[in-house]
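> Before we start, here is the structure in question, set down as structure tokens.
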Amino acid sequence: MTKVELQQLSKQFGEVTAVSHVSLTAPDGRITALLGPSGCGKTTILKTIAGLLTPSSGDVLFNGRSILPIPAEKRNAVMVFQNHLLFPYLSVGENVGFGLKMRGVEAAVIRQKVEEHLAMVQLPGLANRRPNELSGGQQQRVALARALIVEPTVLLLDEPLSNLDAHLREEMRQLIRSLQRALNMTTIVVTHDQEEAVLLADQIGLMFDGKLAQVGPPSDFYERPSTRQVASFFGATNFLVGEKRGNVVETAVGSLQIAPNPIADGPVQLTIRPEHVQLVPADGRLPNQLCATVQEAIYAGTHTRLRLILGSDTALTLLTSPSAAKTVGVGTAVHLHLPPDHLWPLP
Amino acid sequence: MTRIKQTLQPRTLILAAIVVGVLLPFVPLLLWSVSFRWLYPSVLPESLSLRAWQYVFSPRAEVLSALGYSTLVALLVTALSILIGLPAGRALGLYKFRGKTAVRFLILAPTIVPTLAAAMGIHVLFIRYGLVDNVLGVVLVHLIPVLPYVVLILSGVFANYNPDFEAQAQTLGASAWQRFRHVTLPTIFPALMVAGLFAFIISWSQYILTLLIGGGQVVTLPVLLFSFVSSGDNAITAALSLVFIAPALLFLLATARYLSGNQASLGGFGKL
Amino acid sequence: MPTRLRPYLLLAPTLAVILLLFGGGVLLALMQSVGYLPFLGRTEITLDAYRAILQQAAFSQSFFLTLWVALASTAVSTLLALVCALALRRPFRGHRLITFIFQLNIPIPHLVGAVGILFLFSQSGFLARLANLAGLISQPADFPAIVFDPWAIGIILEYVWKTTCFTGLILLATLQGVGNDLETAAQNLGANRWQRFRYVTLPLLTPSMVSASVLVFAFTFGAFEVPLVLGQRFPSMLPVLAYRSYVDIDLNARPEAMAMNVIITLLIGVLIFLSTCASRTKRCAVNGER
Amino acid sequence: MKKRNLILLWLTAVLILLAACQPTEQEDTINLPAESPAPGVEPPPGFADWDAVLQAAQGQTVNFYMWGGSDLINGWVTGYVADAVQERYGVTLNMVPVADGPEYVNKVLGEQQAGRDEDGSVDLVWVNGENYRTMRQAELLYGPFSEYLPNSIYVNWNDPSVANDFGLSVDGYEAPYGKAQFVMIYDSAKIENPPTTVDELLAWIQANPGLFTYPAPPDFTGSAFVRHICYHAVGGYENLLGEFDQALFDAQLPACWDVLNQIEPFLWREGQTYPESHTRHQELFANGEVYFDMAYNPAEASSLVENGRYPETTRTFVFDEGTIANTHYVAIPYNSPNKAAAMVVANFLLSPEAQLSKAQPENWGDLPVLDPALLGAEDQAAFNAIPRGVATLSTEELAANRLPELQAPWLTAIEQAWETAVLQP
């Protein structure tokens, strides 16, 4: 039952600023993902919350109280490291029970709890194995059990899925999700993979270069990105420069209608995700119809990606079904429809 | 503020103890080597003299010839042990094969069993086959304590070695020698230096094996030094001790960066 | 070259040297200890030499002295090495210099170390003179007997001086190899400073410490020069006793020297087997269960 | 590439040194001095006459195994002697220093055991007492040769102290090298009136606890000191003369152990340990840890003053009842491949010239073994003119207080018994 707040958190390593003025609230009992390209400062924030690093400035609050004076071993903000960091000289069971042993819990109690937690991560009966006898996925689950057994106030996961192959990822993701729901534990996940963040988290904080770019529920990052950089990170490729006036944006390829939104009038970039651009017959019944030439068609199995040129030099990408794409060869002219509620202006 | 705090840390005391502890025995050595009449209870020599140094460098003292013998033996042992031990280190580090544990144990055995015991045992055969009283016999007997360390250090580096680089070089047209020269050698060079340092030092320091097999005729520096230790002439003993450690120190200076920076080579000792 | 044979071919030169020189030497020592030397025309096997040395009081006293020196040197130097390695582990101002000084006595021969200890600790040595200057003692006899003493403290000091750096460097290399991630993980799981040392650093260092201790123990048990320079006349350390018997003008003492060699070899073998087994019991038991 | 330079430098140094170590080839340019053997003596086995010896010796190298603990003696042998025999006889002398006599006895024994009867590694040894007896009895010595040496005409072979080595007849198997006599050493700045008899010394030890000790036998010097106490304890050396007799030993020697055990609590370190060598004992004396030193060489104290190791006020004395004296020799192992050259060296060591040089305190200070009566007037004058060091007693005083050595088996028995009766509590 812990709300974690970061207030103007900054961390410098010598001349290098790893984290700069990050303020974020991780709501109680939810999963918050810290997302961003590698080296953007996510793990630094995680370690700062865990107490393994001291912030250069700013504060970390648990339920409104600063925890900076508390040493790492007393903070109970437990981290699951990217490379598991299981103690190689201890058995699986001893690894899982490590935190309880540090707290002076009785051996019999530890044994019992270890079995429970191994069962919880679906590794029952493996207590006597050595970590190096387990697969990568199993090791990751042992590391998770080792963290959960001390009933952390905050669970910190550093790239929990990055060392796993696709199949195991799915399994692990579900496990984390279900355990988190069951234990109702405030969780912060660090990841560089936007898909993972979207599937796992209730809230995402996207970071670039040590700064927080956008915080919000996953759908916001697709539908309402705050900057071109955020949109690009989530796979947006189409940007049209224009001048916004009310619900109309004047661009080089014509004036386009957009849905009502809170962005101020003035110069903007319109973005639309490739899957939302539609090929239509040239009938003019729909708004925002444009003419384009197919420059390149890339077959991708479930869909075909078309690169189009509008006017002299404006490029757009769209996704369409492979069957629909068969009718349009390279060099043919096509008609496009940009649905107004999928056009989002970026300041 | 932080500076003051640092100096008061227990670690600072430990570091000071390290420096004093390591260097202290050298102080009386240096003082004795230039002393003349230094009797108790004087803390410093009553008068200074270069008598010991003059003697050490006079042709009569045969220090130069002992230096030559020591260097010759140590360099031969170093070269030979690397030549012999390099393939073994590769085999132990890189390959899995039947009997590996036994082979490993056998090669390491001389680091555990006193080599003097083996040397006394084989002495009678060395006498029989003319391997006593000459450099060849001394070099051979030095190989016993040296070779395990060389193999150990080199197998350590080969354990982390990726032979695919050699395969890559081969596909790019490198001959066996070129592969060794341009791929293997640069990769293992730091460990090779450490192995060389250990081989040199172990051989350089041998006293009793040299005395036993060299029969007193291969007068290396330790043999000469020991006769002065037993002569009780502290000034000459001290000067000779300093001569004795100088080349090994030079060798260390040349290779120290490989010793501390490279955990793979020394870490091998931890995997015994 | 056939791949299966390749490792054996690579090992052949080393194995030849070790088997012929070392293995042959140990075998010949064993043969000579029972008086069996066919190429000298002696084929009668007798255990007289063993009987003779086991009856000597001098042998058992030498044995216990040697064991004491080896155990004490190993324990003290390993402990000090641990402290030094931990102190030198993380970088600080002057780290390179102090690490270099720490390595400085690696190439120093034991013989020189023994001379240094002698000049430093004898009752009229450098420290005794400093003590006299400080008014702590008035004559050499007041200074504690550290060299040529019954407890062989001088010998132990020399071994500690030399081997602390050796073990320390091995531990330092191990520490640098494992990094401090596991300690961070332990801290994160609630381990305090002492618990991190006790349950993480120490277990990580244990294999290296055992290996280094075994090397140091075996070396100090079998070494010759240092006891010769710093040791008491009686009882002498086992290797010195063995060598003295070997060069005795009575050739009949040679089988006794060989018998001592065989006993030294066996003892070291047994002690090391026991110690490595003890340190691995836990692991063996765990492996056995699965 | 500093490293490479370093290695190159070393290699160069090694090559230069090795080159320097090569024996210089001296071809047929040597004019051999006219020498003739002592009249009426058979030539040594394997040689027709002395000329044959000289011819065979040319170009040979002599490995001279000797105690190497004195830079003074080492310097004299590798310098003066080596230069002279090289120059005059074309013989290369290679001194091989050993820490202890038994080492080379054992070496020759080992070679005999391994069947190396022709090409042994030892050509000449510095020997006397027990080691001579062992080698002689194990037939490890070549001879007889010594009475045939041209310079042996200066040796008085009728003198029992020369013709017998610790009671065993020399018989031409050893060539005399020098003489020695035991002296006690003290610092006159610390002790004004040193004890002059064994009894007085024992009293002094008990009155001044912790300031006396002696090197543990079988150290040569310590063993000699123990013999002095034994002579005293059994009421004179006369009681121990002759062949070794175990019954006599068991009856007489306990008195000696009693005396030694009585003073033990008053010794340095309360007698719990003893210096293991004479040189260790010298150090104790030099640093004032003990107040008496002893030496089986009357001139040693003077040379130690000379090179700064002993205080200038160091002096020596002999007991009123006398001190033990003996003769030391050189001998040739039976399997030496260079017997001719070894004889040439032994002969040179016997020459008045070499003996005179050896007697100079700055060279060695060893007592000459030649009989003054057999020397020419010129040589006699030269010997008389040898300067004595500050701490050395006069030849007359030494000669007036001389005691004989026991036969070697007595020594061995005393040394062994000392370990069990005195050293081991």
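Labels used: A, B, ... for chains in the order of the structure tokens, numbers from 1 for residues in each chain, and numbers from 1 for ligands as shown.
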So that each row is one residue of range 49-82 of chain D with an atom at most 12 Å from range 119-122 of chain D, can you give its shortest atom pair and the distance in Å to one decimal, using only C-alpha atoms, rows by chain and rising number, as JSON lines?

```
{"residue": "D:Thr61", "atom": "CA", "partner": "D:Val122", "partner_atom": "CA", "distance": 10.5}
{"residue": "D:Val62", "atom": "CA", "partner": "D:Val122", "partner_atom": "CA", "distance": 7.9}
{"residue": "D:Asn63", "atom": "CA", "partner": "D:Val122", "partner_atom": "CA", "distance": 5.6}
{"residue": "D:Phe64", "atom": "CA", "partner": "D:Val122", "partner_atom": "CA", "distance": 6.8}
{"residue": "D:Tyr65", "atom": "CA", "partner": "D:Val122", "partner_atom": "CA", "distance": 6.7}
{"residue": "D:Met66", "atom": "CA", "partner": "D:Val122", "partner_atom": "CA", "distance": 10.4}
```
> For chain C, list the residues within 6 Å of chain B, counting only C-alpha atoms, and write the list as a PDB file with C-alpha atoms, in the first residue's frame.

```pdb
ATOM      1  CA  PRO C   7      44.327 -32.046 -26.379  1.00  0.00           C
ATOM      2  CA  LEU C  10      49.093 -30.422 -26.745  1.00  0.00           C
ATOM      3  CA  LEU C  11      49.562 -31.766 -23.229  1.00  0.00           C
ATOM      4  CA  PRO C  13      55.354 -32.059 -23.539  1.00  0.00           C
ATOM      5  CA  THR C  14      54.144 -30.797 -20.162  1.00  0.00           C
ATOM      6  CA  PHE C  22      58.513 -34.852 -10.813  1.00  0.00           C
ATOM      7  CA  GLY C  25      61.558 -38.061  -8.529  1.00  0.00           C
ATOM      8  CA  VAL C  26      58.779 -38.875  -6.097  1.00  0.00           C
ATOM      9  CA  LEU C  28      62.586 -42.717  -6.767  1.00  0.00           C
ATOM     10  CA  ALA C  29      62.296 -41.112  -3.333  1.00  0.00           C
ATOM     11  CA  ALA C  87      40.983  -2.277   1.510  1.00  0.00           C
ATOM     12  CA  PRO C 107      59.368 -10.995  -6.936  1.00  0.00           C
ATOM     13  CA  ILE C 108      61.496 -10.784  -3.793  1.00  0.00           C
ATOM     14  CA  PRO C 109      63.102 -14.176  -3.140  1.00  0.00           C
ATOM     15  CA  VAL C 112      66.177 -11.954   0.836  1.00  0.00           C
ATOM     16  CA  GLY C 116      65.401  -8.612   5.917  1.00  0.00           C
ATOM     17  CA  SER C 124      70.267  -6.624  18.187  1.00  0.00           C
ATOM     18  CA  ARG C 129      67.873  -0.602  18.361  1.00  0.00           C
ATOM     19  CA  ILE C 170      44.630 -13.496  -5.908  1.00  0.00           C
ATOM     20  CA  ALA C 173      41.714 -10.410  -8.790  1.00  0.00           C
ATOM     21  CA  THR C 174      38.734 -12.506  -7.693  1.00  0.00           C
ATOM     22  CA  SER C 208      40.084 -18.505  -4.009  1.00  0.00           C
ATOM     23  CA  SER C 211      43.171 -22.474  -3.180  1.00  0.00           C
ATOM     24  CA  ALA C 218      52.048 -26.650   1.042  1.00  0.00           C
ATOM     25  CA  GLY C 222      57.963 -27.906   2.318  1.00  0.00           C
ATOM     26  CA  ASN C 261      60.285 -36.845   2.055  1.00  0.00           C
ATOM     27  CA  THR C 265      54.495 -35.704   0.753  1.00  0.00           C
TER      28      THR C 265
END
```
> Give me, as a PDB file with all heavy atoms, in the first residue's frame, all polymer residues having an atom no more than 9 Å from Gly365 in chain D, counting only C-alpha atoms and skipping those fewer than 4 positions away in the same chain.

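Result file follows (selection.pdb):
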```
ATOM      1  N   ASN D 297      90.847 -19.964  14.822  1.00  0.00           N
ATOM      2  CA  ASN D 297      91.807 -19.254  13.971  1.00  0.00           C
ATOM      3  C   ASN D 297      92.275 -18.051  14.759  1.00  0.00           C
ATOM      4  O   ASN D 297      91.491 -17.123  14.995  1.00  0.00           O
ATOM      5  CB  ASN D 297      91.116 -18.835  12.668  1.00  0.00           C
ATOM      6  CG  ASN D 297      92.005 -17.909  11.836  1.00  0.00           C
ATOM      7  OD1 ASN D 297      93.122 -17.543  12.234  1.00  0.00           O
ATOM      8  ND2 ASN D 297      91.513 -17.523  10.676  1.00  0.00           N
ATOM      9  N   PRO D 298      93.528 -18.037  15.187  1.00  0.00           N
ATOM     10  CA  PRO D 298      93.984 -16.985  16.105  1.00  0.00           C
ATOM     11  C   PRO D 298      93.955 -15.589  15.490  1.00  0.00           C
ATOM     12  O   PRO D 298      93.947 -14.601  16.221  1.00  0.00           O
ATOM     13  CB  PRO D 298      95.409 -17.412  16.460  1.00  0.00           C
ATOM     14  CG  PRO D 298      95.762 -18.534  15.566  1.00  0.00           C
ATOM     15  CD  PRO D 298      94.533 -19.054  14.913  1.00  0.00           C
ATOM     16  N   ALA D 299      93.931 -15.496  14.150  1.00  0.00           N
ATOM     17  CA  ALA D 299      94.019 -14.174  13.523  1.00  0.00           C
ATOM     18  C   ALA D 299      92.649 -13.639  13.102  1.00  0.00           C
ATOM     19  O   ALA D 299      92.552 -12.510  12.630  1.00  0.00           O
ATOM     20  CB  ALA D 299      94.937 -14.246  12.300  1.00  0.00           C
ATOM     21  N   GLU D 300      91.621 -14.448  13.276  1.00  0.00           N
ATOM     22  CA  GLU D 300      90.317 -14.057  12.757  1.00  0.00           C
ATOM     23  C   GLU D 300      89.806 -12.747  13.380  1.00  0.00           C
ATOM     24  O   GLU D 300      89.307 -11.862  12.681  1.00  0.00           O
ATOM     25  CB  GLU D 300      89.314 -15.174  13.039  1.00  0.00           C
ATOM     26  CG  GLU D 300      87.960 -14.928  12.464  1.00  0.00           C
ATOM     27  CD  GLU D 300      87.026 -16.093  12.762  1.00  0.00           C
ATOM     28  OE1 GLU D 300      87.114 -17.093  12.035  1.00  0.00           O
ATOM     29  OE2 GLU D 300      86.257 -16.014  13.730  1.00  0.00           O
ATOM     30  N   SER D 302      91.385 -10.231  14.502  1.00  0.00           N
ATOM     31  CA  SER D 302      92.055  -9.044  13.954  1.00  0.00           C
ATOM     32  C   SER D 302      91.457  -8.648  12.617  1.00  0.00           C
ATOM     33  O   SER D 302      91.237  -7.464  12.343  1.00  0.00           O
ATOM     34  CB  SER D 302      93.546  -9.322  13.771  1.00  0.00           C
ATOM     35  OG  SER D 302      94.132  -9.536  15.025  1.00  0.00           O
ATOM     36  N   SER D 303      91.189  -9.658  11.745  1.00  0.00           N
ATOM     37  CA  SER D 303      90.658  -9.264  10.436  1.00  0.00           C
ATOM     38  C   SER D 303      89.218  -8.763  10.558  1.00  0.00           C
ATOM     39  O   SER D 303      88.795  -7.927   9.762  1.00  0.00           O
ATOM     40  CB  SER D 303      90.781 -10.403   9.429  1.00  0.00           C
ATOM     41  OG  SER D 303      90.076 -11.526   9.871  1.00  0.00           O
ATOM     42  N   SER D 357     101.950 -15.592   1.923  1.00  0.00           N
ATOM     43  CA  SER D 357     100.832 -14.736   1.521  1.00  0.00           C
ATOM     44  C   SER D 357      99.599 -15.032   2.370  1.00  0.00           C
ATOM     45  O   SER D 357      98.898 -14.129   2.809  1.00  0.00           O
ATOM     46  CB  SER D 357     100.539 -14.966   0.038  1.00  0.00           C
ATOM     47  OG  SER D 357      99.277 -14.452  -0.293  1.00  0.00           O
ATOM     48  N   LYS D 358      99.381 -16.312   2.621  1.00  0.00           N
ATOM     49  CA  LYS D 358      98.212 -16.732   3.395  1.00  0.00           C
ATOM     50  C   LYS D 358      98.293 -16.237   4.834  1.00  0.00           C
ATOM     51  O   LYS D 358      97.268 -15.985   5.480  1.00  0.00           O
ATOM     52  CB  LYS D 358      98.138 -18.268   3.355  1.00  0.00           C
ATOM     53  CG  LYS D 358      96.968 -18.904   4.071  1.00  0.00           C
ATOM     54  CD  LYS D 358      96.761 -20.350   3.626  1.00  0.00           C
ATOM     55  CE  LYS D 358      97.897 -21.264   4.083  1.00  0.00           C
ATOM     56  NZ  LYS D 358      97.789 -21.687   5.477  1.00  0.00           N
ATOM     57  N   ALA D 359      99.512 -16.114   5.333  1.00  0.00           N
ATOM     58  CA  ALA D 359      99.690 -15.727   6.731  1.00  0.00           C
ATOM     59  C   ALA D 359      99.496 -14.230   6.959  1.00  0.00           C
ATOM     60  O   ALA D 359      99.343 -13.793   8.105  1.00  0.00           O
ATOM     61  CB  ALA D 359     101.072 -16.155   7.207  1.00  0.00           C
ATOM     62  N   GLN D 360      99.507 -13.428   5.883  1.00  0.00           N
ATOM     63  CA  GLN D 360      99.317 -11.982   6.058  1.00  0.00           C
ATOM     64  C   GLN D 360      97.896 -11.719   6.577  1.00  0.00           C
ATOM     65  O   GLN D 360      96.935 -12.231   6.010  1.00  0.00           O
ATOM     66  CB  GLN D 360      99.503 -11.239   4.720  1.00  0.00           C
ATOM     67  CG  GLN D 360     100.832 -11.466   4.021  1.00  0.00           C
ATOM     68  CD  GLN D 360     102.023 -10.945   4.807  1.00  0.00           C
ATOM     69  OE1 GLN D 360     101.897 -10.010   5.604  1.00  0.00           O
ATOM     70  NE2 GLN D 360     103.185 -11.562   4.609  1.00  0.00           N
ATOM     71  N   PRO D 361      97.770 -10.942   7.641  1.00  0.00           N
ATOM     72  CA  PRO D 361      96.438 -10.717   8.224  1.00  0.00           C
ATOM     73  C   PRO D 361      95.441 -10.166   7.203  1.00  0.00           C
ATOM     74  O   PRO D 361      94.251 -10.522   7.229  1.00  0.00           O
ATOM     75  CB  PRO D 361      96.689  -9.699   9.331  1.00  0.00           C
ATOM     76  CG  PRO D 361      98.136  -9.788   9.627  1.00  0.00           C
ATOM     77  CD  PRO D 361      98.824 -10.241   8.372  1.00  0.00           C
ATOM     78  N   ARG D 388     101.487  -8.806  13.046  1.00  0.00           N
ATOM     79  CA  ARG D 388     100.364  -9.385  13.743  1.00  0.00           C
ATOM     80  C   ARG D 388      99.249  -8.341  13.825  1.00  0.00           C
ATOM     81  O   ARG D 388      99.508  -7.155  13.951  1.00  0.00           O
ATOM     82  CB  ARG D 388     100.774  -9.801  15.156  1.00  0.00           C
ATOM     83  CG  ARG D 388     101.411 -11.176  15.209  1.00  0.00           C
ATOM     84  CD  ARG D 388     101.564 -11.655  16.632  1.00  0.00           C
ATOM     85  NE  ARG D 388     102.511 -10.830  17.380  1.00  0.00           N
ATOM     86  CZ  ARG D 388     102.218 -10.241  18.532  1.00  0.00           C
ATOM     87  NH1 ARG D 388     101.002 -10.360  19.040  1.00  0.00           N
ATOM     88  NH2 ARG D 388     103.119  -9.514  19.169  1.00  0.00           N
ATOM     89  N   GLY D 389      98.012  -8.780  13.771  1.00  0.00           N
ATOM     90  CA  GLY D 389      96.891  -7.857  13.952  1.00  0.00           C
ATOM     91  C   GLY D 389      96.786  -7.455  15.402  1.00  0.00           C
ATOM     92  O   GLY D 389      97.401  -8.075  16.277  1.00  0.00           O
TER      93      GLY D 389
END
```
> Provide as a PyMOL selection string the residues of chain D at most 7 Å from chain B, counting only C-alpha atoms.
chain D and resi 3+14+17-18+21+68-70+75+78-79+96-99+111+114-116+279-280+283+286-288+308-309
> List every residue of range 71-248 of chain A that DSSP, applied to the backbone of this structure, assigns to helix (DSSP H, G or I), and report them as a PyMOL selection string.
chain A and resi 72-75+92-102+107-120+131-133+136-148+166-183+194-200+218-223+228-233
> With C-alpha atoms kept, could you save the residues just selected as a PDB file, in the first residue's frame?

```
ATOM      1  CA  ALA A  72      19.018   0.612   1.157  1.00  0.00           C
ATOM      2  CA  GLU A  73      18.849  -2.487   3.306  1.00  0.00           C
ATOM      3  CA  LYS A  74      16.070  -0.978   5.426  1.00  0.00           C
ATOM      4  CA  ARG A  75      14.029   0.527   2.610  1.00  0.00           C
ATOM      5  CA  VAL A  92      17.872 -21.960  -5.278  1.00  0.00           C
ATOM      6  CA  GLY A  93      16.108 -22.275  -1.954  1.00  0.00           C
ATOM      7  CA  GLU A  94      18.870 -20.421  -0.094  1.00  0.00           C
ATOM      8  CA  ASN A  95      18.714 -17.706  -2.721  1.00  0.00           C
ATOM      9  CA  VAL A  96      14.985 -17.269  -2.296  1.00  0.00           C
ATOM     10  CA  GLY A  97      15.260 -17.291   1.490  1.00  0.00           C
ATOM     11  CA  PHE A  98      18.210 -14.872   1.562  1.00  0.00           C
ATOM     12  CA  GLY A  99      16.212 -11.751   2.445  1.00  0.00           C
ATOM     13  CA  LEU A 100      14.393 -13.492   5.287  1.00  0.00           C
ATOM     14  CA  LYS A 101      17.683 -14.817   6.648  1.00  0.00           C
ATOM     15  CA  MET A 102      19.009 -11.258   6.657  1.00  0.00           C
ATOM     16  CA  ALA A 107      14.970 -21.366   9.533  1.00  0.00           C
ATOM     17  CA  ALA A 108      11.801 -23.441   9.591  1.00  0.00           C
ATOM     18  CA  VAL A 109       9.679 -20.447   8.658  1.00  0.00           C
ATOM     19  CA  ILE A 110      12.072 -19.595   5.878  1.00  0.00           C
ATOM     20  CA  ARG A 111      11.899 -23.121   4.505  1.00  0.00           C
ATOM     21  CA  GLN A 112       8.151 -23.031   4.421  1.00  0.00           C
ATOM     22  CA  LYS A 113       7.965 -19.602   2.814  1.00  0.00           C
ATOM     23  CA  VAL A 114      10.577 -20.575   0.247  1.00  0.00           C
ATOM     24  CA  GLU A 115       8.436 -23.511  -0.847  1.00  0.00           C
ATOM     25  CA  GLU A 116       5.386 -21.270  -1.059  1.00  0.00           C
ATOM     26  CA  HIS A 117       7.146 -18.701  -3.143  1.00  0.00           C
ATOM     27  CA  LEU A 118       8.765 -21.222  -5.424  1.00  0.00           C
ATOM     28  CA  ALA A 119       5.304 -22.644  -6.015  1.00  0.00           C
ATOM     29  CA  MET A 120       4.051 -19.118  -6.616  1.00  0.00           C
ATOM     30  CA  PRO A 131      21.250 -21.505  -9.972  1.00  0.00           C
ATOM     31  CA  ASN A 132      23.526 -22.561 -12.826  1.00  0.00           C
ATOM     32  CA  GLU A 133      21.438 -25.699 -13.300  1.00  0.00           C
ATOM     33  CA  GLY A 136      17.336 -18.320 -17.986  1.00  0.00           C
ATOM     34  CA  GLY A 137      13.571 -18.148 -17.534  1.00  0.00           C
ATOM     35  CA  GLN A 138      13.712 -20.218 -14.376  1.00  0.00           C
ATOM     36  CA  GLN A 139      16.511 -18.046 -12.987  1.00  0.00           C
ATOM     37  CA  GLN A 140      14.430 -14.974 -13.633  1.00  0.00           C
ATOM     38  CA  ARG A 141      11.543 -16.485 -11.736  1.00  0.00           C
ATOM     39  CA  VAL A 142      13.808 -17.438  -8.838  1.00  0.00           C
ATOM     40  CA  ALA A 143      14.981 -13.834  -8.709  1.00  0.00           C
ATOM     41  CA  LEU A 144      11.350 -12.741  -8.656  1.00  0.00           C
ATOM     42  CA  ALA A 145      10.518 -15.152  -5.833  1.00  0.00           C
ATOM     43  CA  ARG A 146      13.579 -13.934  -3.925  1.00  0.00           C
ATOM     44  CA  ALA A 147      12.228 -10.387  -4.159  1.00  0.00           C
ATOM     45  CA  LEU A 148       8.607 -11.212  -3.355  1.00  0.00           C
ATOM     46  CA  ALA A 166       9.718 -14.559 -27.186  1.00  0.00           C
ATOM     47  CA  HIS A 167       7.806 -17.534 -25.836  1.00  0.00           C
ATOM     48  CA  LEU A 168       9.110 -17.152 -22.283  1.00  0.00           C
ATOM     49  CA  ARG A 169       8.463 -13.434 -22.345  1.00  0.00           C
ATOM     50  CA  GLU A 170       4.772 -13.955 -22.771  1.00  0.00           C
ATOM     51  CA  GLU A 171       4.701 -16.455 -19.913  1.00  0.00           C
ATOM     52  CA  MET A 172       6.749 -14.260 -17.637  1.00  0.00           C
ATOM     53  CA  ARG A 173       4.699 -11.189 -18.446  1.00  0.00           C
ATOM     54  CA  GLN A 174       1.538 -12.972 -17.458  1.00  0.00           C
ATOM     55  CA  LEU A 175       3.153 -14.232 -14.290  1.00  0.00           C
ATOM     56  CA  ILE A 176       4.267 -10.742 -13.261  1.00  0.00           C
ATOM     57  CA  ARG A 177       0.869  -9.339 -14.129  1.00  0.00           C
ATOM     58  CA  SER A 178      -1.045 -11.964 -12.176  1.00  0.00           C
ATOM     59  CA  LEU A 179       1.267 -11.886  -9.146  1.00  0.00           C
ATOM     60  CA  GLN A 180       1.089  -8.123  -9.044  1.00  0.00           C
ATOM     61  CA  ARG A 181      -2.703  -8.179  -9.202  1.00  0.00           C
ATOM     62  CA  ALA A 182      -2.847 -10.868  -6.521  1.00  0.00           C
ATOM     63  CA  LEU A 183      -0.434  -9.159  -4.159  1.00  0.00           C
ATOM     64  CA  GLN A 194       7.390  -0.005 -25.782  1.00  0.00           C
ATOM     65  CA  GLU A 195       5.302  -3.073 -26.500  1.00  0.00           C
ATOM     66  CA  GLU A 196       6.319  -4.628 -23.196  1.00  0.00           C
ATOM     67  CA  ALA A 197       5.542  -1.421 -21.349  1.00  0.00           C
ATOM     68  CA  VAL A 198       2.123  -1.189 -22.951  1.00  0.00           C
ATOM     69  CA  LEU A 199       1.231  -4.794 -22.195  1.00  0.00           C
ATOM     70  CA  LEU A 200       2.501  -4.703 -18.634  1.00  0.00           C
ATOM     71  CA  PRO A 218      -0.453   3.405 -22.429  1.00  0.00           C
ATOM     72  CA  SER A 219      -3.152   4.433 -24.895  1.00  0.00           C
ATOM     73  CA  ASP A 220      -2.132   8.086 -24.587  1.00  0.00           C
ATOM     74  CA  PHE A 221       1.184   7.317 -26.210  1.00  0.00           C
ATOM     75  CA  TYR A 222      -0.558   6.101 -29.344  1.00  0.00           C
ATOM     76  CA  GLU A 223      -3.428   8.487 -29.440  1.00  0.00           C
ATOM     77  CA  ARG A 228       7.217  14.147 -32.214  1.00  0.00           C
ATOM     78  CA  GLN A 229       9.920  12.218 -30.343  1.00  0.00           C
ATOM     79  CA  VAL A 230       7.317  10.409 -28.243  1.00  0.00           C
ATOM     80  CA  ALA A 231       5.254   9.637 -31.320  1.00  0.00           C
ATOM     81  CA  SER A 232       8.294   8.332 -33.186  1.00  0.00           C
ATOM     82  CA  PHE A 233       9.272   6.136 -30.242  1.00  0.00           C
TER      83      PHE A 233
END
```
> Between CA of Leu157 in chain A and CA of Ser66 in chain A, measure the distance and give it in Å to one decimal.
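Going from CA of Leu157 in chain A over to CA of Ser66 in chain A covers 21.3 Å.
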> I want to know what sits within 10 Å of Leu241 in chain D, based on only C-alpha atoms, with residues of the same chain fewer than 5 positions away left out; could you give that as an mmCIF file with C-alpha atoms, in the first residue's frame?

```
data_model
loop_
_atom_site.group_PDB
_atom_site.id
_atom_site.type_symbol
_atom_site.label_atom_id
_atom_site.label_comp_id
_atom_site.auth_asym_id
_atom_site.auth_seq_id
_atom_site.Cartn_x
_atom_site.Cartn_y
_atom_site.Cartn_z
ATOM 1 C CA GLY D 167 94.629 -39.204 15.195
ATOM 2 C CA GLY D 236 92.652 -33.420 31.214
ATOM 3 C CA PRO D 404 96.166 -31.953 20.826
ATOM 4 C CA GLU D 405 92.961 -32.975 19.080
ATOM 5 C CA LEU D 406 91.160 -36.210 19.911
ATOM 6 C CA GLN D 407 90.714 -38.899 17.318
ATOM 7 C CA TRP D 410 85.586 -39.172 19.744
#
```
